[in-house]
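Peer 1: Structure incoming, see below.
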Amino acid sequence: MPVQKTEKIWHNGKWINWDDAQLHVLSHVVSYGSAVFEGIRCYDTKQGPAIFRLREHMQRLMNSAKIYRMDLAYSVEEFGNAACELVRHNKLKACYVKPIVLRGYGEVGVNPLNSPIECYMACWTWGAYLGPEALTKGVDVGVSSWSRIAPNTLPAMSKAAANYMNSQLIRMEATFNGYAEGIALDTDGHVSEGSGMNVFLVHDDILYTPPLATSILPGITRDSVVKMAQDMGITVKESVIPREMLYIVDEVFFVGTAVEITPIRSVDHIQVGKGVAGPITRKLQEEFFAITSGSKPDKHHWLTPVNTPVAATSR
């Protein structure tokens, strides 16, 4: 899906034009993938544009940077304010916001510590990640031959650019095999996640999702789905999930900022349930979009109105 150019990008506390957001080819990030980032949706609600779980996304950005020893000059609140101002600058109602922290032009060796830290944030209009019909009709997926990154190799809890080389292999293989997406297993053969989204399964009215120990990113939409399910009285279990469970459960669905809540209708050409979005998937979808559209009360305070940003705090 091509990026739709907007007017302004935030760079190290200043506003620059879209076309001026450029890097030197020898920036550390180019050779070594030394960047962490976030993907955040801003929704066009009945009360005006609002960013979904802004604080949690910016806190995860901070955590990702800390794992990689990247010292940031901005607080969670300052990143949050920049995101709100970015959406206002670009006069967007619904969009995708992407903060990126990277190591720039400096040292050319593997040791990153003498390379400068650069912070960018851009936003653009972005629709359904897996296509316009994915949310309603579901998608066909395959279990990938590529495993997720092993524990104590690359930290899966950091949303780091380098991790997404693994994700690219999963996604490309799925595409060439005729699937919309892939589901990767961890190095022990248990269900982990998709190329950039978490997985949920429903069996006998119980909602299952893999635990952090299976090399998943701690998804913010994943956390939202758990909370919504608990609010609805649905039992939720974090559990190690064997591959074959994907074939026999009643429902399977992806969750993530990009995919939101997307039903899975088949895995490895084996139909999931009745081959359509199941009742629990639909209930969670309806609740999620009711909250993010502003048509239902935001009792968890997940939405940050763009026009009233979080007050900045001193450091």
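The way I read the labels, and the way they are meant: chains A, B, ... in the order of the structure tokens, residue 1 as the first residue of every chain, and ligand 1 as the first ligand shown, with later ones counted on from there.
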Enumerate as a count of residues only all residues of segment 27-223 of chain A assigned to strand (DSSP E or B) by DSSP on the backbone, naming them with the chain letters and numbers the document uses.

Peer 2: 57

Peer 1: For segment 98-155 of chain A versus segment 71-80 of chain A, which residues have an atom no more than 10 Å away, and what is each residue's nearest atom pair and distance in Å rounded to one decimal, using only C-alpha atoms, chain-then-number order, as a tab-separated table?

Peer 2:
```
residue	atom	partner	partner_atom	distance
A:Pro99	CA	A:Phe79	CA	8.4
A:Val101	CA	A:Leu72	CA	8.5
A:Leu113	CA	A:Asp71	CA	9.9
A:Pro116	CA	A:Asp71	CA	9.9
A:Ile117	CA	A:Leu72	CA	7.6
A:Glu118	CA	A:Leu72	CA	9.0
A:Cys119	CA	A:Leu72	CA	8.5
A:Met121	CA	A:Phe79	CA	8.9
```

Peer 1: With distances taken over only C-alpha atoms, which of A:His269, A:Lys5, A:Lys46, A:Arg148 is nearest to Lys296 of chain A?

Peer 2: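 Comparing A:His269, A:Lys5, A:Lys46, A:Arg148 against Lys296 of chain A, the winner is A:Lys46.
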
Peer 1: I need the residue nearest Asp20 of chain A from this list: A:Tyr247, A:Tyr96, A:Tyr120, A:Tyr68. Use only C-alpha atoms for the distance.

Peer 2: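 Closest candidate: A:Tyr120.
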
Peer 1: Within 9 Å of segment 203-214 of chain A, which residues of segment 143-194 of chain A come that close, and what is the closest atom pair and distance in Å for each? Count only C-alpha atoms and give it as a tab-separated table.

Peer 2:
```
residue	atom	partner	partner_atom	distance
A:Arg148	CA	A:Thr214	CA	8.4
A:Ala150	CA	A:Thr214	CA	8.6
A:Pro151	CA	A:Ala213	CA	7.9
A:Ala156	CA	A:Leu212	CA	8.6
A:Met157	CA	A:Leu212	CA	8.0
A:Leu185	CA	A:Thr214	CA	8.1
A:Asp186	CA	A:Thr214	CA	5.7
A:Thr187	CA	A:Thr214	CA	8.3
A:Asp188	CA	A:Thr214	CA	8.4
A:His190	CA	A:Thr214	CA	7.1
A:Val191	CA	A:Pro210	CA	6.7
A:Ser192	CA	A:Thr214	CA	5.4
A:Glu193	CA	A:Pro210	CA	8.0
```

Peer 1: Provide the atom CA of Arg41 of chain A to atom CA of Ile67 of chain A distance in Å, to one decimal place.

Peer 2: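 A separation of 24.2 Å between them.
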
Peer 1: Could you list, as a list in words, every residue within 10 Å of Pro218 of chain A, counting only C-alpha atoms and ignoring same-chain residues fewer than 2 positions away?

Peer 2: Arg60, Ala156, Met157, Ser158, Lys159, Met197, Asn198, Pro211, Leu212, Ser215, Ile216, Ile220, Thr221, Arg222 and Asp223 of chain A
